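Below is the file structure-v7.txt, which contains compact mmCIF, C-alpha atoms.
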# COMPACT_ATOMS: atom_id res chain seq x y z
CA MET A 1 -15.02 -14.97 -27.17
CA ALA A 2 -12.64 -12.04 -27.50
CA LYS A 3 -9.77 -12.22 -29.99
CA SER A 4 -6.49 -13.50 -28.59
CA LYS A 5 -3.56 -11.10 -28.68
CA THR A 6 -1.00 -13.85 -28.27
CA ARG A 7 -0.20 -17.22 -29.83
CA VAL A 8 0.28 -18.70 -26.39
CA ARG A 9 -2.75 -20.85 -25.53
CA ASN A 10 -3.52 -22.16 -22.08
CA ARG A 11 -5.73 -24.55 -20.13
CA ILE A 12 -5.94 -22.47 -16.96
CA ARG A 13 -9.75 -22.31 -16.95
CA THR A 14 -10.02 -26.11 -17.22
CA LEU A 15 -7.33 -26.68 -14.60
CA ARG A 16 -9.02 -24.26 -12.20
CA PHE A 17 -12.27 -26.20 -12.69
CA GLU A 18 -10.49 -29.49 -12.03
CA SER A 19 -8.96 -27.99 -8.89
CA GLY A 20 -12.31 -27.58 -7.18
CA GLU A 21 -13.37 -24.40 -9.01
CA MET A 22 -10.35 -22.47 -7.78
CA THR A 23 -11.10 -18.76 -8.17
CA GLN A 24 -9.00 -16.42 -10.31
CA GLN A 25 -8.38 -14.34 -7.20
CA HIS A 26 -7.00 -17.35 -5.32
CA LEU A 27 -4.73 -18.42 -8.18
CA ALA A 28 -3.58 -14.83 -8.78
CA ALA A 29 -2.66 -14.45 -5.11
CA GLN A 30 -0.59 -17.65 -5.20
CA VAL A 31 1.24 -16.53 -8.34
CA GLY A 32 1.72 -12.91 -7.25
CA VAL A 33 -0.19 -11.08 -9.98
CA SER A 34 -3.46 -9.15 -9.92
CA ARG A 35 -6.75 -10.90 -10.70
CA GLN A 36 -7.07 -8.74 -13.82
CA THR A 37 -3.67 -9.92 -15.07
CA LEU A 38 -4.63 -13.55 -14.49
CA ASN A 39 -7.88 -12.90 -16.35
CA ALA A 40 -5.88 -11.42 -19.26
CA ILE A 41 -3.58 -14.47 -19.31
CA GLU A 42 -6.53 -16.88 -19.20
CA GLY A 43 -8.29 -14.97 -22.00
CA GLY A 44 -5.21 -14.96 -24.23
CA LYS A 45 -4.79 -11.18 -24.04
CA TYR A 46 -1.41 -11.35 -22.36
CA ALA A 47 1.45 -13.86 -22.61
CA PRO A 48 3.01 -14.15 -19.14
CA SER A 49 6.74 -14.20 -18.44
CA LEU A 50 8.36 -17.62 -18.15
CA GLU A 51 8.59 -17.16 -14.39
CA VAL A 52 4.85 -16.53 -13.97
CA ALA A 53 4.05 -19.38 -16.40
CA PHE A 54 6.16 -21.78 -14.31
CA GLN A 55 4.51 -20.53 -11.12
CA ILE A 56 1.03 -21.17 -12.55
CA ALA A 57 2.03 -24.67 -13.66
CA ARG A 58 3.48 -25.31 -10.22
CA VAL A 59 0.21 -24.35 -8.49
CA PHE A 60 -1.58 -27.03 -10.55
CA ASP A 61 1.34 -29.43 -10.10
CA ARG A 62 1.56 -29.95 -13.88
CA PRO A 63 4.43 -29.64 -16.35
CA LEU A 64 4.52 -26.29 -18.16
CA GLU A 65 3.47 -27.71 -21.53
CA GLU A 66 0.30 -29.15 -20.02
CA VAL A 67 -0.76 -25.66 -19.01
CA PHE A 68 0.59 -23.55 -21.88
CA GLN A 69 0.86 -24.39 -25.58
CA TYR A 70 2.30 -22.38 -28.43
CA ASP A 71 0.08 -22.05 -31.50
CA PRO A 72 2.34 -21.35 -34.51
CA VAL A 73 -0.69 -20.30 -36.58
CA ALA A 74 -2.40 -17.39 -34.88
CA SER A 75 -6.14 -18.01 -34.97
CA GLY A 76 -7.26 -14.72 -33.45
CA SER A 77 -4.97 -12.16 -35.03
CA MET B 78 -13.73 -7.62 -16.21
CA GLY B 79 -13.39 -5.00 -13.44
CA SER B 80 -10.55 -2.52 -13.49
CA SER B 81 -7.45 -3.10 -11.41
CA PHE B 82 -6.19 -0.43 -9.03
CA GLU B 83 -3.40 0.39 -11.50
CA GLU B 84 -5.89 0.95 -14.32
CA LYS B 85 -8.02 3.17 -12.09
CA SER B 86 -4.86 5.07 -11.16
CA VAL B 87 -4.21 5.74 -14.86
CA TRP B 88 -7.78 7.05 -15.25
CA VAL B 89 -7.24 9.35 -12.24
CA GLN B 90 -3.93 10.67 -13.65
CA LEU B 91 -5.41 11.20 -17.12
CA SER B 92 -8.53 12.97 -15.82
CA SER B 93 -6.63 15.24 -13.44
CA MET B 94 -4.08 16.12 -16.10
CA VAL B 95 -6.68 16.94 -18.75
CA LEU B 96 -8.90 18.90 -16.34
CA VAL B 97 -6.27 20.86 -14.41
CA LEU B 98 -3.46 21.30 -16.93
CA GLY B 99 -6.00 21.64 -19.74
CA GLY B 100 -7.49 24.51 -17.73
CA TYR B 101 -4.02 25.97 -17.27
CA PHE B 102 -3.41 25.99 -21.02
CA VAL B 103 -6.80 27.62 -21.71
CA VAL B 104 -6.05 30.47 -19.27
CA ALA B 105 -2.38 30.75 -20.26
CA GLY B 106 -3.39 30.75 -23.94
CA SER B 107 -5.74 33.69 -23.41
CA MET B 108 -3.00 35.53 -21.45
CA MET B 109 -0.52 34.96 -24.28
CA ALA B 110 -3.09 36.10 -26.83
CA GLY B 111 -3.60 39.18 -24.67
CA GLY B 112 0.07 40.05 -24.97
CA VAL B 113 1.43 38.89 -21.58
CA ASN B 114 4.98 38.03 -22.59
CA THR B 115 6.83 37.84 -19.28
CA LEU B 116 7.29 34.31 -18.00
CA ILE B 117 7.08 35.38 -14.35
CA ALA B 118 3.44 36.43 -14.88
CA TYR B 119 2.52 32.77 -15.43
CA VAL B 120 4.14 31.48 -12.22
CA PRO B 121 1.09 32.01 -9.91
CA LEU B 122 -1.14 30.24 -12.45
CA PHE B 123 1.36 27.39 -12.80
CA VAL B 124 1.76 26.95 -9.03
CA THR B 125 -2.03 26.96 -8.61
CA ALA B 126 -2.38 24.31 -11.31
CA VAL B 127 0.29 22.09 -9.72
CA VAL B 128 -1.28 22.36 -6.23
CA LEU B 129 -4.76 21.67 -7.67
CA MET B 130 -3.43 18.68 -9.56
CA VAL B 131 -1.83 17.19 -6.44
CA ILE B 132 -5.14 17.60 -4.55
CA VAL B 133 -7.15 15.99 -7.37
CA LEU B 134 -4.62 13.14 -7.67
CA ILE B 135 -4.75 12.41 -3.93
CA ALA B 136 -8.58 12.54 -3.87
CA GLY B 137 -8.81 10.36 -6.97
CA HIS B 138 -6.46 7.72 -5.59
CA ILE B 139 -8.32 7.65 -2.26
CA LEU B 140 -11.55 7.09 -4.22
CA ALA B 141 -9.89 4.35 -6.32
CA ALA B 142 -8.63 2.65 -3.15
CA ILE B 143 -12.12 2.77 -1.59
CA THR B 144 -13.81 1.23 -4.66
CA GLY B 145 -11.27 -1.57 -5.04
CA ARG B 146 -8.51 -3.17 -3.02
CA PRO B 147 -5.11 -1.69 -4.00
CA GLU B 148 -2.74 -4.35 -5.33
CA PRO B 149 0.98 -4.04 -6.04
CA ARG B 150 2.04 -3.50 -9.67
CA ASP B 151 2.79 -6.70 -11.51
CA GLU B 152 4.68 -7.53 -14.72
CA ARG B 153 1.69 -6.72 -16.98
CA ASP B 154 1.32 -3.24 -15.44
CA ARG B 155 5.03 -2.58 -15.99
CA LEU B 156 4.93 -3.84 -19.60
CA ILE B 157 1.90 -1.68 -20.38
CA GLU B 158 3.59 1.40 -18.92
CA TRP B 159 6.84 0.77 -20.82
CA ARG B 160 5.04 0.20 -24.12
CA ALA B 161 2.83 3.28 -23.70
CA GLU B 162 5.85 5.45 -22.84
CA SER B 163 7.76 4.07 -25.79
CA ASN B 164 4.90 4.88 -28.16
CA SER B 165 4.19 8.36 -26.82
CA SER B 166 7.66 9.82 -26.24
CA TRP B 167 7.90 11.01 -29.87
CA VAL B 168 5.48 13.83 -29.04
CA LEU B 169 7.88 15.18 -26.41
CA ALA B 170 10.82 14.76 -28.81
CA ILE B 171 9.04 16.82 -31.48
CA GLY B 172 8.17 19.47 -28.87
CA VAL B 173 11.80 19.72 -27.71
CA LEU B 174 13.05 20.05 -31.30
CA ALA B 175 10.39 22.69 -32.01
CA GLY B 176 11.37 24.51 -28.80
CA ILE B 177 15.03 24.58 -29.79
CA SER B 178 14.06 25.82 -33.24
CA CYS B 179 11.97 28.62 -31.70
CA MET B 180 14.92 29.64 -29.49
CA VAL B 181 17.20 29.78 -32.54
CA LEU B 182 14.60 31.86 -34.39
CA GLY B 183 14.46 34.31 -31.48
CA TYR B 184 10.94 33.69 -30.16
CA GLU B 185 10.01 35.02 -26.69
CA SER B 186 10.92 32.66 -23.84
CA VAL B 187 7.25 32.48 -22.82
CA TRP B 188 6.41 30.79 -26.14
CA VAL B 189 9.35 28.39 -25.90
CA ALA B 190 8.49 27.46 -22.30
CA HIS B 191 4.86 26.78 -23.15
CA LEU B 192 5.80 24.83 -26.25
CA LEU B 193 8.02 22.56 -24.13
CA PHE B 194 5.43 22.29 -21.35
CA GLY B 195 2.67 21.65 -23.89
CA SER B 196 4.58 18.84 -25.56
CA LEU B 197 5.23 17.26 -22.16
CA PHE B 198 1.49 17.54 -21.43
CA LEU B 199 0.45 16.01 -24.77
CA SER B 200 3.06 13.25 -24.51
CA SER B 201 1.79 12.33 -21.03
CA VAL B 202 -1.87 12.40 -22.13
CA LEU B 203 -1.08 10.14 -25.10
CA GLY B 204 0.86 7.80 -22.79
CA PHE B 205 -2.09 7.49 -20.39
CA VAL B 206 -4.56 6.95 -23.25
CA LEU B 207 -2.32 4.22 -24.71
CA GLN B 208 -2.06 2.55 -21.29
CA LEU B 209 -5.86 2.42 -21.08
CA VAL B 210 -6.06 0.98 -24.61
CA TYR B 211 -3.51 -1.72 -23.73
CA TYR B 212 -5.37 -2.58 -20.50
CA ARG B 213 -8.59 -3.10 -22.50
CA ARG B 214 -7.28 -4.63 -25.74
CA GLY B 215 -4.34 -6.57 -24.35
CA VAL B 216 -0.60 -6.40 -24.93
How does this structure look as structure tokens?
Amino acid sequence: MAKSKTRVRNRIRTLRFESGEMTQQHLAAQVGVSRQTLNAIEGGKYAPSLEVAFQIARVFDRPLEEVFQYDPVASGS
Amino acid sequence: MGSSFEEKSVWVQLSSMVLVLGGYFVVAGSMMAGGVNTLIAYVPLFVTAVVLMVIVLIAGHILAAITGRPEPRDERDRLIEWRAESNSSWVLAIGVLAGISCMVLGYESVWVAHLLFGSLFLSSVLGFVLQLVYYRRGV
């Protein structure tokens, strides 16, 4: 797996799987970002703004901290 | 991961700039080396380069739109552009300072103009390269 550029971790891949294998394209369209940006968020290459993070959590109907976690010790950098 | 329309657009802008304006600087450089010191003599070459660049940019963006669905810019695209501009603008600043210095030292206006134009070119090329690096490596 590629190195993470951010300390913000997420469970988007798992949550997409639990939501009937929701595609990145479908989630990206609901949030209003490109599929490539969603891929970067999911892969830890980009930490989204609070607004986008809340929108992603809202799509899965989960609280923000169930979707995103902050790792104080960077494992990839 | 496939490239987004914005990333393809950066590739188009970088390629057209390097090809067309790079060609301009090669020809203009040989003219300057040949002793052409009047700025007006470079105008036809400059206009040709600008028109060519617009044509290549339009063709490149049409091609990018055909190979992938265009999507509006999002917050990551804007952040990447801001960061790349922030990290490449020093080239233009150095060029402007060098241009002012050349004016003070009495260099021909053709040299000053090309020094300023060249620093704008290099600053833009560095900005596009940095954008591509940030798209691939993350921000």
At most 10 Å to chain A: residues in chain B, all atoms listed in the file, as a VMD selection string:
chain B and resid 78 to 84 147 to 154 211 to 216
Could you work out how far atom CA of B:Gly106 lies from atom CA of B:Ser178, giving the answer in Å with one decimal?
20.4 Å
Just want the 10 Å neighbourhood of A:Arg13, counted on all atoms listed in the file, with same-chain residues fewer than 2 positions away dropped. Output as an NGL selection string.
:A and (10-11 or 15-19 or 21-24 or 39 or 42-43 or 67)
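Take the candidates B:Ser200, B:Thr125, B:Ser166, B:Ser186 and check each one against B:Val104 using all atoms listed in the file; the shortest distance goes to B:Thr125.
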Just how far from atom CA of B:Ser196 is atom CA of B:Val173, in Å to one decimal?
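Taking atom CA of B:Val173 and atom CA of B:Ser196, their separation equals 7.6 Å.
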Could you name the residues that touch B:Ser201 at 12 Å or less, counting only C-alpha atoms, but leaving out those on the same chain fewer than 4 positions away, as JSON, numbers by chain?
{"B": [87, 90, 91, 92, 93, 94, 95, 98, 158, 161, 162, 163, 164, 165, 166, 167, 168, 169, 194, 195, 196, 197, 205, 206, 207, 208]}
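With atom CA of A:Glu66 on one side and atom CA of A:Ala29 on the other, the separation reads 21.1 Å.
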As a ChimeraX atom specification, please: the residues near B:Val187 (cut-off 9 Å, all atoms listed in the file, same-chain neighbours under 5 positions excluded).
/B:109,113-117,119,192
Counting only C-alpha atoms, note down every residue that has an atom within 7 Å of the point (2.0, -16.9, -29.6) (file coordinates), as a list in words.
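Residues close enough to count: Thr6, Arg7, Val8, Tyr70, Asp71, Pro72 and Ala74 of chain A.
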Listed atoms of stretch 149-153 of chain B, axis-aligned box, 5 Å per side: centre and edge lengths to one decimal in Å, as JSON?
{"center_x": 2.8, "center_y": -5.5, "center_z": -11.5, "size_x": 13.7, "size_y": 14.0, "size_z": 20.9}
Could I see stretch 31-47 of chain A restored to N, CA, C and O atoms, set down as a JSON list (two decimals), in the frame of the given file?
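And here is the file that came out, rebuild_34.json:
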[["chain", "number", "residue", "atom", "x", "y", "z"],
["A", 31, "VAL", "N", 0.22, -16.79, -7.32],
["A", 31, "VAL", "CA", 1.24, -16.53, -8.34],
["A", 31, "VAL", "C", 1.90, -15.15, -8.14],
["A", 31, "VAL", "O", 3.03, -14.94, -8.57],
["A", 32, "GLY", "N", 1.17, -14.24, -7.49],
["A", 32, "GLY", "CA", 1.72, -12.91, -7.25],
["A", 32, "GLY", "C", 1.42, -11.91, -8.34],
["A", 32, "GLY", "O", 2.22, -11.01, -8.61],
["A", 33, "VAL", "N", 0.26, -12.07, -9.00],
["A", 33, "VAL", "CA", -0.19, -11.08, -9.98],
["A", 33, "VAL", "C", -1.60, -10.65, -9.58],
["A", 33, "VAL", "O", -2.22, -11.25, -8.71],
["A", 34, "SER", "N", -2.10, -9.59, -10.24],
["A", 34, "SER", "CA", -3.46, -9.15, -9.92],
["A", 34, "SER", "C", -4.47, -10.09, -10.60],
["A", 34, "SER", "O", -4.14, -10.80, -11.55],
["A", 35, "ARG", "N", -5.71, -10.06, -10.10],
["A", 35, "ARG", "CA", -6.75, -10.90, -10.70],
["A", 35, "ARG", "C", -6.98, -10.50, -12.17],
["A", 35, "ARG", "O", -7.22, -11.35, -13.03],
["A", 36, "GLN", "N", -6.86, -9.20, -12.44],
["A", 36, "GLN", "CA", -7.07, -8.74, -13.82],
["A", 36, "GLN", "C", -5.99, -9.28, -14.75],
["A", 36, "GLN", "O", -6.25, -9.60, -15.90],
["A", 37, "THR", "N", -4.75, -9.37, -14.24],
["A", 37, "THR", "CA", -3.67, -9.92, -15.07],
["A", 37, "THR", "C", -3.91, -11.41, -15.32],
["A", 37, "THR", "O", -3.73, -11.89, -16.44],
["A", 38, "LEU", "N", -4.34, -12.13, -14.29],
["A", 38, "LEU", "CA", -4.63, -13.55, -14.49],
["A", 38, "LEU", "C", -5.77, -13.73, -15.50],
["A", 38, "LEU", "O", -5.72, -14.61, -16.36],
["A", 39, "ASN", "N", -6.77, -12.85, -15.40],
["A", 39, "ASN", "CA", -7.88, -12.90, -16.35],
["A", 39, "ASN", "C", -7.38, -12.66, -17.77],
["A", 39, "ASN", "O", -7.82, -13.32, -18.72],
["A", 40, "ALA", "N", -6.45, -11.72, -17.93],
["A", 40, "ALA", "CA", -5.88, -11.42, -19.26],
["A", 40, "ALA", "C", -5.08, -12.61, -19.79],
["A", 40, "ALA", "O", -5.13, -12.93, -20.98],
["A", 41, "ILE", "N", -4.35, -13.28, -18.90],
["A", 41, "ILE", "CA", -3.58, -14.47, -19.31],
["A", 41, "ILE", "C", -4.55, -15.57, -19.75],
["A", 41, "ILE", "O", -4.40, -16.17, -20.83],
["A", 42, "GLU", "N", -5.55, -15.81, -18.92],
["A", 42, "GLU", "CA", -6.53, -16.88, -19.20],
["A", 42, "GLU", "C", -7.27, -16.60, -20.51],
["A", 42, "GLU", "O", -7.57, -17.53, -21.27],
["A", 43, "GLY", "N", -7.56, -15.33, -20.78],
["A", 43, "GLY", "CA", -8.29, -14.97, -22.00],
["A", 43, "GLY", "C", -7.40, -14.79, -23.22],
["A", 43, "GLY", "O", -7.89, -14.40, -24.28],
["A", 44, "GLY", "N", -6.11, -15.06, -23.08],
["A", 44, "GLY", "CA", -5.21, -14.96, -24.23],
["A", 44, "GLY", "C", -4.89, -13.54, -24.63],
["A", 44, "GLY", "O", -4.46, -13.27, -25.75],
["A", 45, "LYS", "N", -5.10, -12.58, -23.72],
["A", 45, "LYS", "CA", -4.79, -11.18, -24.04],
["A", 45, "LYS", "C", -3.39, -10.79, -23.61],
["A", 45, "LYS", "O", -2.92, -9.70, -23.91],
["A", 46, "TYR", "N", -2.75, -11.66, -22.85],
["A", 46, "TYR", "CA", -1.41, -11.35, -22.36],
["A", 46, "TYR", "C", -0.63, -12.66, -22.19],
["A", 46, "TYR", "O", -1.14, -13.60, -21.58],
["A", 47, "ALA", "N", 0.57, -12.70, -22.77],
["A", 47, "ALA", "CA", 1.45, -13.86, -22.61],
["A", 47, "ALA", "C", 2.34, -13.60, -21.40],
["A", 47, "ALA", "O", 3.13, -12.65, -21.42]]
